[in-house]
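**Student:** What follows is run-v9.txt; its format and atoms are compact mmCIF, N, CA and C atoms.
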# COMPACT_ATOMS: atom_id res chain seq x y z
N MET A 1 100.04 100.57 106.30
CA MET A 1 100.00 100.33 107.72
C MET A 1 101.36 100.70 108.32
N LYS A 2 101.34 101.47 109.41
CA LYS A 2 102.55 101.90 110.09
C LYS A 2 102.76 101.04 111.33
N LEU A 3 103.79 100.21 111.31
CA LEU A 3 104.04 99.27 112.41
C LEU A 3 105.01 99.80 113.46
N GLY A 4 105.72 100.89 113.15
CA GLY A 4 106.64 101.47 114.12
C GLY A 4 107.99 100.78 114.14
N ALA A 5 108.70 100.96 115.24
CA ALA A 5 110.06 100.43 115.40
C ALA A 5 110.06 98.92 115.27
N PHE A 6 111.10 98.39 114.63
CA PHE A 6 111.25 96.94 114.47
C PHE A 6 112.44 96.46 115.27
N SER A 7 112.27 95.31 115.90
CA SER A 7 113.38 94.62 116.57
C SER A 7 113.12 93.13 116.52
N ILE A 8 114.16 92.39 116.77
CA ILE A 8 113.99 90.95 116.95
C ILE A 8 114.18 90.68 118.43
N SER A 9 113.30 89.89 118.99
CA SER A 9 113.39 89.51 120.40
C SER A 9 113.89 88.07 120.46
N LEU A 10 115.07 87.89 121.01
CA LEU A 10 115.70 86.58 121.04
C LEU A 10 115.54 85.91 122.40
N ALA A 11 115.11 84.66 122.37
CA ALA A 11 115.05 83.84 123.58
C ALA A 11 116.46 83.28 123.77
N VAL A 12 117.20 83.81 124.75
CA VAL A 12 118.59 83.41 124.96
C VAL A 12 118.73 82.51 126.18
N LYS A 13 119.77 81.69 126.15
CA LYS A 13 120.02 80.77 127.26
C LYS A 13 120.86 81.42 128.36
N ASP A 14 121.78 82.30 127.97
CA ASP A 14 122.68 82.95 128.92
C ASP A 14 122.79 84.41 128.52
N ILE A 15 122.06 85.27 129.20
CA ILE A 15 121.98 86.67 128.79
C ILE A 15 123.34 87.36 128.87
N LYS A 16 124.18 87.00 129.82
CA LYS A 16 125.50 87.63 129.92
C LYS A 16 126.37 87.25 128.73
N ALA A 17 126.33 85.99 128.31
CA ALA A 17 127.09 85.56 127.13
C ALA A 17 126.54 86.23 125.87
N SER A 18 125.23 86.34 125.77
CA SER A 18 124.61 86.99 124.60
C SER A 18 124.95 88.47 124.57
N LYS A 19 124.93 89.12 125.72
CA LYS A 19 125.29 90.54 125.80
C LYS A 19 126.72 90.73 125.30
N ALA A 20 127.63 89.92 125.78
CA ALA A 20 129.03 90.03 125.37
C ALA A 20 129.18 89.79 123.87
N PHE A 21 128.46 88.80 123.33
CA PHE A 21 128.54 88.51 121.90
C PHE A 21 128.06 89.70 121.08
N TYR A 22 126.89 90.25 121.43
CA TYR A 22 126.36 91.37 120.65
C TYR A 22 127.19 92.64 120.82
N GLU A 23 127.83 92.81 121.97
CA GLU A 23 128.74 93.94 122.14
C GLU A 23 129.93 93.79 121.19
N THR A 24 130.38 92.56 120.96
CA THR A 24 131.46 92.31 120.01
C THR A 24 131.05 92.70 118.59
N LEU A 25 129.75 92.58 118.29
CA LEU A 25 129.22 92.98 116.99
C LEU A 25 128.95 94.48 116.89
N GLY A 26 129.25 95.22 117.96
CA GLY A 26 129.08 96.67 117.92
C GLY A 26 127.79 97.17 118.56
N PHE A 27 127.03 96.29 119.19
CA PHE A 27 125.81 96.70 119.88
C PHE A 27 126.16 97.20 121.27
N SER A 28 125.32 98.09 121.80
CA SER A 28 125.45 98.52 123.19
C SER A 28 124.07 98.48 123.83
N VAL A 29 124.05 98.45 125.15
CA VAL A 29 122.78 98.39 125.88
C VAL A 29 122.02 99.69 125.67
N PHE A 30 120.79 99.56 125.22
CA PHE A 30 119.91 100.70 124.96
C PHE A 30 118.84 100.82 126.04
N ALA A 31 118.36 99.67 126.52
CA ALA A 31 117.31 99.64 127.55
C ALA A 31 117.34 98.27 128.20
N GLY A 32 116.51 98.11 129.22
CA GLY A 32 116.39 96.81 129.87
C GLY A 32 117.08 96.76 131.21
N ASP A 33 117.16 95.55 131.78
CA ASP A 33 117.72 95.35 133.10
C ASP A 33 118.34 93.95 133.14
N LEU A 34 119.65 93.89 133.20
CA LEU A 34 120.36 92.62 133.22
C LEU A 34 119.89 91.75 134.39
N GLU A 35 119.63 92.37 135.54
CA GLU A 35 119.18 91.61 136.71
C GLU A 35 117.79 91.00 136.53
N LYS A 36 117.01 91.58 135.63
CA LYS A 36 115.67 91.04 135.33
C LYS A 36 115.69 90.18 134.06
N ASN A 37 116.89 89.88 133.57
CA ASN A 37 117.10 88.98 132.44
C ASN A 37 116.56 89.47 131.11
N TYR A 38 116.60 90.78 130.90
CA TYR A 38 116.27 91.28 129.56
C TYR A 38 117.05 92.56 129.27
N LEU A 39 117.51 92.65 128.02
CA LEU A 39 118.23 93.83 127.55
C LEU A 39 117.78 94.12 126.13
N ILE A 40 117.75 95.40 125.79
CA ILE A 40 117.57 95.82 124.41
C ILE A 40 118.92 96.38 123.97
N MET A 41 119.48 95.77 122.95
CA MET A 41 120.78 96.16 122.43
C MET A 41 120.58 96.93 121.13
N LYS A 42 121.43 97.93 120.89
CA LYS A 42 121.26 98.77 119.71
C LYS A 42 122.60 98.99 119.02
N ASN A 43 122.55 98.95 117.69
CA ASN A 43 123.68 99.28 116.84
C ASN A 43 123.11 100.12 115.71
N GLU A 44 123.39 101.41 115.73
CA GLU A 44 122.79 102.37 114.80
C GLU A 44 121.26 102.23 114.86
N GLU A 45 120.60 101.83 113.79
CA GLU A 45 119.13 101.71 113.80
C GLU A 45 118.65 100.29 114.08
N SER A 46 119.59 99.37 114.31
CA SER A 46 119.23 97.97 114.55
C SER A 46 119.02 97.70 116.04
N LEU A 47 117.92 97.02 116.35
CA LEU A 47 117.59 96.68 117.73
C LEU A 47 117.47 95.16 117.88
N VAL A 48 118.10 94.63 118.93
CA VAL A 48 118.00 93.22 119.26
C VAL A 48 117.65 93.14 120.73
N GLY A 49 116.52 92.48 121.04
CA GLY A 49 116.14 92.25 122.42
C GLY A 49 116.66 90.90 122.87
N LEU A 50 117.26 90.85 124.04
CA LEU A 50 117.74 89.60 124.62
C LEU A 50 116.88 89.28 125.83
N PHE A 51 116.26 88.12 125.83
CA PHE A 51 115.32 87.75 126.89
C PHE A 51 115.65 86.33 127.36
N GLN A 52 116.06 86.21 128.60
CA GLN A 52 116.39 84.90 129.17
C GLN A 52 115.23 84.42 130.03
N GLY A 53 114.68 83.26 129.69
CA GLY A 53 113.64 82.63 130.50
C GLY A 53 112.27 83.26 130.38
N MET A 54 112.02 84.08 129.38
CA MET A 54 110.73 84.75 129.26
C MET A 54 109.82 84.13 128.22
N PHE A 55 110.39 83.54 127.17
CA PHE A 55 109.60 82.86 126.15
C PHE A 55 110.49 81.84 125.47
N GLU A 56 109.86 80.91 124.74
CA GLU A 56 110.58 79.78 124.16
C GLU A 56 111.25 80.07 122.83
N ASN A 57 110.62 80.87 122.00
CA ASN A 57 111.11 81.08 120.64
C ASN A 57 111.40 82.55 120.38
N ASN A 58 112.15 82.80 119.32
CA ASN A 58 112.42 84.17 118.90
C ASN A 58 111.15 84.80 118.35
N ILE A 59 111.05 86.12 118.47
CA ILE A 59 109.85 86.84 118.08
C ILE A 59 110.24 88.08 117.29
N LEU A 60 109.56 88.33 116.17
CA LEU A 60 109.69 89.59 115.46
C LEU A 60 108.80 90.59 116.20
N THR A 61 109.32 91.75 116.53
CA THR A 61 108.57 92.72 117.33
C THR A 61 108.47 94.06 116.60
N PHE A 62 107.27 94.62 116.61
CA PHE A 62 107.02 95.96 116.07
C PHE A 62 106.38 96.78 117.18
N ASN A 63 106.78 98.05 117.28
CA ASN A 63 106.25 98.95 118.31
C ASN A 63 105.57 100.15 117.67
N PRO A 64 104.25 100.05 117.42
CA PRO A 64 103.54 101.21 116.88
C PRO A 64 103.70 102.41 117.80
N GLY A 65 103.92 103.57 117.18
CA GLY A 65 104.04 104.80 117.96
C GLY A 65 105.45 105.16 118.34
N TRP A 66 106.42 104.26 118.09
CA TRP A 66 107.82 104.53 118.42
C TRP A 66 108.68 104.51 117.18
N ASP A 67 109.72 105.36 117.16
CA ASP A 67 110.77 105.22 116.16
C ASP A 67 111.84 104.30 116.75
N GLN A 68 112.95 104.11 116.03
CA GLN A 68 114.00 103.18 116.47
C GLN A 68 114.73 103.65 117.74
N ASN A 69 114.46 104.88 118.18
CA ASN A 69 115.07 105.40 119.41
C ASN A 69 114.06 105.46 120.56
N ALA A 70 112.89 104.82 120.38
CA ALA A 70 111.81 104.82 121.37
C ALA A 70 111.23 106.21 121.59
N ASN A 71 111.37 107.08 120.59
CA ASN A 71 110.71 108.39 120.63
C ASN A 71 109.30 108.23 120.10
N THR A 72 108.37 108.95 120.70
CA THR A 72 106.98 108.88 120.27
C THR A 72 106.80 109.55 118.92
N LEU A 73 106.15 108.82 118.01
CA LEU A 73 105.85 109.35 116.68
C LEU A 73 104.57 110.18 116.74
N GLU A 74 104.54 111.24 115.96
CA GLU A 74 103.36 112.10 115.91
C GLU A 74 102.18 111.37 115.25
N ASN A 75 102.46 110.66 114.17
CA ASN A 75 101.42 109.91 113.45
C ASN A 75 101.77 108.44 113.42
N PHE A 76 100.85 107.60 113.86
CA PHE A 76 101.06 106.16 113.82
C PHE A 76 99.71 105.46 113.84
N ASP A 77 99.72 104.20 113.42
CA ASP A 77 98.51 103.38 113.46
C ASP A 77 98.44 102.68 114.81
N ASP A 78 97.35 102.88 115.52
CA ASP A 78 97.14 102.26 116.82
C ASP A 78 97.12 100.74 116.67
N VAL A 79 97.62 100.05 117.69
CA VAL A 79 97.68 98.59 117.69
C VAL A 79 96.30 97.97 117.42
N ARG A 80 95.24 98.58 117.93
CA ARG A 80 93.89 98.03 117.72
C ARG A 80 93.44 98.20 116.27
N THR A 81 93.88 99.28 115.62
CA THR A 81 93.57 99.49 114.20
C THR A 81 94.28 98.44 113.35
N ILE A 82 95.54 98.18 113.66
CA ILE A 82 96.30 97.16 112.94
C ILE A 82 95.65 95.79 113.15
N GLN A 83 95.28 95.51 114.39
CA GLN A 83 94.63 94.23 114.72
C GLN A 83 93.34 94.06 113.93
N GLU A 84 92.52 95.09 113.88
CA GLU A 84 91.25 95.01 113.16
C GLU A 84 91.48 94.80 111.67
N HIS A 85 92.49 95.45 111.12
CA HIS A 85 92.81 95.26 109.70
C HIS A 85 93.16 93.79 109.42
N LEU A 86 94.01 93.20 110.26
CA LEU A 86 94.39 91.81 110.06
C LEU A 86 93.20 90.87 110.21
N LYS A 87 92.36 91.14 111.19
CA LYS A 87 91.16 90.31 111.38
C LYS A 87 90.23 90.42 110.18
N SER A 88 90.14 91.61 109.58
CA SER A 88 89.28 91.79 108.41
C SER A 88 89.80 91.01 107.21
N LYS A 89 91.10 90.66 107.24
CA LYS A 89 91.72 89.86 106.17
C LYS A 89 91.77 88.38 106.54
N ASN A 90 91.01 88.01 107.59
CA ASN A 90 90.91 86.62 108.07
C ASN A 90 92.24 86.06 108.56
N ILE A 91 93.08 86.93 109.13
CA ILE A 91 94.32 86.49 109.75
C ILE A 91 94.00 86.10 111.20
N LYS A 92 94.37 84.88 111.58
CA LYS A 92 94.11 84.38 112.93
C LYS A 92 95.12 84.99 113.90
N LEU A 93 94.63 85.50 115.00
CA LEU A 93 95.48 86.07 116.04
C LEU A 93 95.66 85.05 117.16
N GLU A 94 96.87 84.95 117.66
CA GLU A 94 97.16 84.04 118.78
C GLU A 94 96.76 84.67 120.11
N HIS A 95 96.89 85.96 120.18
CA HIS A 95 96.53 86.75 121.37
C HIS A 95 96.04 88.09 120.86
N GLU A 96 94.94 88.60 121.43
CA GLU A 96 94.37 89.86 120.95
C GLU A 96 94.47 90.96 121.99
N ALA A 97 94.59 92.18 121.50
CA ALA A 97 94.48 93.37 122.34
C ALA A 97 93.00 93.62 122.60
N ASP A 98 92.68 94.17 123.74
CA ASP A 98 91.30 94.53 124.06
C ASP A 98 90.92 95.74 123.22
N ALA A 99 90.01 95.54 122.29
CA ALA A 99 89.61 96.60 121.35
C ALA A 99 88.85 97.74 122.01
N THR A 100 88.41 97.56 123.26
CA THR A 100 87.64 98.61 123.95
C THR A 100 88.54 99.56 124.73
N THR A 101 89.85 99.33 124.69
CA THR A 101 90.78 100.16 125.46
C THR A 101 91.53 101.13 124.54
N SER A 102 92.34 101.98 125.15
CA SER A 102 93.25 102.85 124.40
C SER A 102 94.59 102.79 125.12
N GLY A 103 95.62 103.31 124.47
CA GLY A 103 96.94 103.31 125.08
C GLY A 103 97.67 102.00 124.86
N PRO A 104 98.58 101.65 125.79
CA PRO A 104 99.40 100.46 125.62
C PRO A 104 98.56 99.19 125.46
N ALA A 105 98.98 98.36 124.51
CA ALA A 105 98.33 97.07 124.26
C ALA A 105 99.18 96.29 123.27
N SER A 106 98.89 95.01 123.14
CA SER A 106 99.65 94.20 122.20
C SER A 106 98.80 93.05 121.69
N PHE A 107 99.24 92.49 120.57
CA PHE A 107 98.66 91.25 120.07
C PHE A 107 99.75 90.45 119.39
N VAL A 108 99.48 89.16 119.19
CA VAL A 108 100.44 88.25 118.57
C VAL A 108 99.77 87.54 117.41
N VAL A 109 100.50 87.44 116.31
CA VAL A 109 100.05 86.72 115.13
C VAL A 109 101.21 85.84 114.68
N LEU A 110 100.91 84.70 114.07
CA LEU A 110 101.94 83.83 113.53
C LEU A 110 101.96 83.97 112.02
N ASP A 111 103.17 84.01 111.44
CA ASP A 111 103.26 84.03 109.99
C ASP A 111 103.01 82.60 109.47
N PRO A 112 102.95 82.41 108.16
CA PRO A 112 102.64 81.07 107.62
C PRO A 112 103.60 79.97 108.05
N ASP A 113 104.81 80.34 108.50
CA ASP A 113 105.77 79.34 108.94
C ASP A 113 105.80 79.17 110.46
N GLY A 114 104.87 79.83 111.15
CA GLY A 114 104.79 79.69 112.60
C GLY A 114 105.67 80.64 113.38
N ASN A 115 106.29 81.62 112.71
CA ASN A 115 107.09 82.62 113.41
C ASN A 115 106.16 83.62 114.09
N ALA A 116 106.41 83.87 115.36
CA ALA A 116 105.59 84.81 116.12
C ALA A 116 105.95 86.25 115.79
N ILE A 117 104.91 87.07 115.62
CA ILE A 117 105.06 88.50 115.41
C ILE A 117 104.29 89.20 116.52
N LEU A 118 104.99 89.97 117.32
CA LEU A 118 104.40 90.72 118.41
C LEU A 118 104.24 92.17 117.97
N ILE A 119 103.01 92.67 118.03
CA ILE A 119 102.75 94.08 117.79
C ILE A 119 102.50 94.66 119.18
N ASP A 120 103.45 95.43 119.67
CA ASP A 120 103.51 95.81 121.09
C ASP A 120 103.59 97.34 121.21
N GLN A 121 102.46 97.96 121.48
CA GLN A 121 102.38 99.42 121.60
C GLN A 121 102.56 99.82 123.06
N HIS A 122 103.50 100.73 123.31
CA HIS A 122 103.81 101.16 124.68
C HIS A 122 103.20 102.50 125.05
N ILE A 123 102.59 103.19 124.07
CA ILE A 123 102.05 104.53 124.36
C ILE A 123 100.54 104.55 124.18
Rewrite the structure from the file as structure tokens, please.
**Tutor:**
Amino acid sequence: MKLGAFSISLAVKDIKASKAFYETLGFSVFAGDLEKNYLIMKNEESLVGLFQGMFENNILTFNPGWDQNANTLENFDDVRTIQEHLKSKNIKLEHEADATTSGPASFVVLDPDGNAILIDQHI
């Protein structure tokens, strides 16, 4: 299964303080909008999303169809294909993508310890 680009999405209390901290670690702004309280920070191939006031807990995020630079991959597994595979293995989904659509979609699954995993396709 090809899950695409990986990042961690952090629920932060103060996005400006978090931005400064991650810049100290060598990250720079890759995408996002500070005024809208979200930034994607990048250090080489590592991506960290900073999200203030958008969700309660940290989330592991995969982006089918994208590489670590948000370039479209030629070959990838569609989010609905990944979703169907997990459902066939009796994995409970917290939120499902509409299987009758194509293009951008997402779903959420929890790992055995309750950590949220977002499969978020943008293409």
**Student:** Please identify which residues in chain A DSSP calls strand (DSSP E or B) from the backbone, and express them as a VMD selection string.
**Tutor:** chain A and resid 5 to 12 28 to 33 38 to 43 46 to 52 59 to 63 66 72 93 to 95 105 to 110 116 to 121
**Student:** List the neighbours of range 95-97 of chain A out to 10 Å using only C-alpha atoms; skip same-chain residues closer than 5 positions along the sequence, and give me the result as a PyMOL selection string.
**Tutor:** chain A and resi 79-80+83-84+102+104-110+118-121
**Student:** Pick the closest to Asp14 in chain A from A:Pro112, A:Gly103, A:Gly53, A:Gly32: which is it, counting all atoms listed in the file?
**Tutor:** A:Gly53
**Student:** Please return, as a VMD selection string, all residues of range 18-111 of chain A that DSSP assigns to alpha helix (DSSP H) on the basis of the backbone.
**Tutor:** chain A and resid 18 to 24 79 to 88
**Student:** Please, could you write that set of residues out with N, CA and C atoms as an mmCIF file, keeping the file's coordinate frame?
**Tutor:**
data_model
loop_
_atom_site.group_PDB
_atom_site.id
_atom_site.type_symbol
_atom_site.label_atom_id
_atom_site.label_comp_id
_atom_site.auth_asym_id
_atom_site.auth_seq_id
_atom_site.Cartn_x
_atom_site.Cartn_y
_atom_site.Cartn_z
ATOM 1 N N SER A 18 125.230 86.340 125.770
ATOM 2 C CA SER A 18 124.610 86.990 124.600
ATOM 3 C C SER A 18 124.950 88.470 124.570
ATOM 4 N N LYS A 19 124.930 89.120 125.720
ATOM 5 C CA LYS A 19 125.290 90.540 125.800
ATOM 6 C C LYS A 19 126.720 90.730 125.300
ATOM 7 N N ALA A 20 127.630 89.920 125.780
ATOM 8 C CA ALA A 20 129.030 90.030 125.370
ATOM 9 C C ALA A 20 129.180 89.790 123.870
ATOM 10 N N PHE A 21 128.460 88.800 123.330
ATOM 11 C CA PHE A 21 128.540 88.510 121.900
ATOM 12 C C PHE A 21 128.060 89.700 121.080
ATOM 13 N N TYR A 22 126.890 90.250 121.430
ATOM 14 C CA TYR A 22 126.360 91.370 120.650
ATOM 15 C C TYR A 22 127.190 92.640 120.820
ATOM 16 N N GLU A 23 127.830 92.810 121.970
ATOM 17 C CA GLU A 23 128.740 93.940 122.140
ATOM 18 C C GLU A 23 129.930 93.790 121.190
ATOM 19 N N THR A 24 130.380 92.560 120.960
ATOM 20 C CA THR A 24 131.460 92.310 120.010
ATOM 21 C C THR A 24 131.050 92.700 118.590
ATOM 22 N N VAL A 79 97.620 100.050 117.690
ATOM 23 C CA VAL A 79 97.680 98.590 117.690
ATOM 24 C C VAL A 79 96.300 97.970 117.420
ATOM 25 N N ARG A 80 95.240 98.580 117.930
ATOM 26 C CA ARG A 80 93.890 98.030 117.720
ATOM 27 C C ARG A 80 93.440 98.200 116.270
ATOM 28 N N THR A 81 93.880 99.280 115.620
ATOM 29 C CA THR A 81 93.570 99.490 114.200
ATOM 30 C C THR A 81 94.280 98.440 113.350
ATOM 31 N N ILE A 82 95.540 98.180 113.660
ATOM 32 C CA ILE A 82 96.300 97.160 112.940
ATOM 33 C C ILE A 82 95.650 95.790 113.150
ATOM 34 N N GLN A 83 95.280 95.510 114.390
ATOM 35 C CA GLN A 83 94.630 94.230 114.720
ATOM 36 C C GLN A 83 93.340 94.060 113.930
ATOM 37 N N GLU A 84 92.520 95.090 113.880
ATOM 38 C CA GLU A 84 91.250 95.010 113.160
ATOM 39 C C GLU A 84 91.480 94.800 111.670
ATOM 40 N N HIS A 85 92.490 95.450 111.120
ATOM 41 C CA HIS A 85 92.810 95.260 109.700
ATOM 42 C C HIS A 85 93.160 93.790 109.420
ATOM 43 N N LEU A 86 94.010 93.200 110.260
ATOM 44 C CA LEU A 86 94.390 91.810 110.060
ATOM 45 C C LEU A 86 93.200 90.870 110.210
ATOM 46 N N LYS A 87 92.360 91.140 111.190
ATOM 47 C CA LYS A 87 91.160 90.310 111.380
ATOM 48 C C LYS A 87 90.230 90.420 110.180
ATOM 49 N N SER A 88 90.140 91.610 109.580
ATOM 50 C CA SER A 88 89.280 91.790 108.410
ATOM 51 C C SER A 88 89.800 91.010 107.210
#
**Student:** Could you list, as number ranges by chain, every residue within 10 Å of Met54 in chain A, counting only C-alpha atoms and ignoring same-chain residues fewer than 2 positions away?
**Tutor:** A: 10-12, 37-38, 50-52, 56-57
**Student:** Between A:Ser9, A:Asp98, A:Met41, A:Gly114, single out the one closest to Leu60 in chain A, counting all atoms listed in the file.
**Tutor:**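 Of all the options, A:Ser9 lies closest to Leu60 in chain A.
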**Student:** Using all atoms listed in the file for the distances, tell me which of A:Asn69, A:Lys92, A:Glu45, A:Asn63 is nearest to His122 in chain A.
**Tutor:**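 Answer, going by the shortest atom-to-atom distance: A:Asn63.
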**Student:** I'd like the interatomic distance between atom N of Trp66 in chain A and atom C of Asp113 in chain A, to a tenth of an Å.
**Tutor:**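 According to the coordinates, atom N of Trp66 in chain A and atom C of Asp113 in chain A are separated by 26.2 Å.
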**Student:** Would you mind reading off the distance between CA of Gln68 in chain A and atom N of Leu39 in chain A, one decimal, in Å?
**Tutor:**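 Interatomic distance here is 16.0 Å.
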**Student:** Can you measure atom C of Phe30 in chain A to atom C of Leu47 in chain A for me? One decimal in Å is fine.
**Tutor:**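 These atoms are spaced 10.0 Å apart.
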**Student:** With distances taken over all atoms listed in the file, which residue among A:Ile117, A:Ser7, A:Pro64, A:Glu35 lies nearest Phe76 in chain A?
**Tutor:**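 Nearest candidate to Phe76 in chain A out of A:Ile117, A:Ser7, A:Pro64, A:Glu35: A:Pro64.
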**Student:** I need the residue nearest Gly49 in chain A from this list: A:Ile123, A:Ile82, A:Ile8, A:Ala70. Use only N, CA and C atoms for the distance.
**Tutor:**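 For Gly49 in chain A, the nearest of the given residues is A:Ile8.
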**Student:** Quick one: range 43-51 of chain A from the block, all heavy atoms, as a short mmCIF file (atom, residue, chain, number, x, y, z; two decimals), in the first residue's frame.
**Tutor:**
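Dumped everything to result00.cif:
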data_model
loop_
_atom_site.label_atom_id
_atom_site.label_comp_id
_atom_site.auth_asym_id
_atom_site.auth_seq_id
_atom_site.Cartn_x
_atom_site.Cartn_y
_atom_site.Cartn_z
N ASN A 43 12.09 20.31 7.14
CA ASN A 43 13.53 20.21 7.33
C ASN A 43 13.96 18.99 6.53
O ASN A 43 13.65 17.86 6.91
CB ASN A 43 13.89 20.04 8.81
CG ASN A 43 15.38 19.90 9.03
OD1 ASN A 43 16.09 19.31 8.22
ND2 ASN A 43 15.85 20.43 10.15
N GLU A 44 14.63 19.21 5.41
CA GLU A 44 14.97 18.15 4.46
C GLU A 44 13.69 17.39 4.08
O GLU A 44 12.79 17.99 3.52
CB GLU A 44 16.08 17.26 5.02
CG GLU A 44 17.38 18.00 5.21
CD GLU A 44 18.54 17.14 5.62
OE1 GLU A 44 18.38 15.90 5.72
OE2 GLU A 44 19.62 17.71 5.85
N GLU A 45 13.58 16.12 4.40
CA GLU A 45 12.38 15.34 4.03
C GLU A 45 11.35 15.26 5.15
O GLU A 45 10.33 14.61 5.01
CB GLU A 45 12.79 13.93 3.59
CG GLU A 45 13.63 13.92 2.32
CD GLU A 45 12.93 14.56 1.14
OE1 GLU A 45 11.80 14.15 0.82
OE2 GLU A 45 13.51 15.49 0.52
N SER A 46 11.64 15.90 6.29
CA SER A 46 10.74 15.85 7.45
C SER A 46 9.73 16.99 7.40
O SER A 46 10.10 18.14 7.18
CB SER A 46 11.53 15.92 8.75
OG SER A 46 12.42 14.84 8.84
N LEU A 47 8.46 16.64 7.63
CA LEU A 47 7.38 17.62 7.64
C LEU A 47 6.67 17.60 8.99
O LEU A 47 6.33 16.54 9.51
CB LEU A 47 6.36 17.29 6.54
CG LEU A 47 6.84 17.41 5.10
CD1 LEU A 47 5.85 16.77 4.15
CD2 LEU A 47 7.06 18.87 4.74
N VAL A 48 6.44 18.80 9.52
CA VAL A 48 5.69 18.96 10.76
C VAL A 48 4.63 20.02 10.50
O VAL A 48 4.95 21.15 10.12
CB VAL A 48 6.59 19.39 11.94
CG1 VAL A 48 5.76 19.67 13.18
CG2 VAL A 48 7.65 18.35 12.22
N GLY A 49 3.36 19.65 10.70
CA GLY A 49 2.27 20.61 10.58
C GLY A 49 1.97 21.20 11.95
O GLY A 49 1.89 20.46 12.93
N LEU A 50 1.82 22.50 12.01
CA LEU A 50 1.47 23.19 13.25
C LEU A 50 0.06 23.75 13.08
O LEU A 50 -0.19 24.53 12.16
CB LEU A 50 2.46 24.32 13.53
CG LEU A 50 3.94 23.95 13.54
CD1 LEU A 50 4.80 25.20 13.71
CD2 LEU A 50 4.24 22.91 14.61
N PHE A 51 -0.85 23.36 13.96
CA PHE A 51 -2.25 23.74 13.84
C PHE A 51 -2.74 24.25 15.20
O PHE A 51 -2.81 23.50 16.16
CB PHE A 51 -3.09 22.55 13.40
CG PHE A 51 -2.71 22.02 12.04
CD1 PHE A 51 -1.71 21.07 11.90
CD2 PHE A 51 -3.35 22.49 10.90
CE1 PHE A 51 -1.35 20.59 10.65
CE2 PHE A 51 -2.99 22.02 9.65
CZ PHE A 51 -1.99 21.06 9.52
#
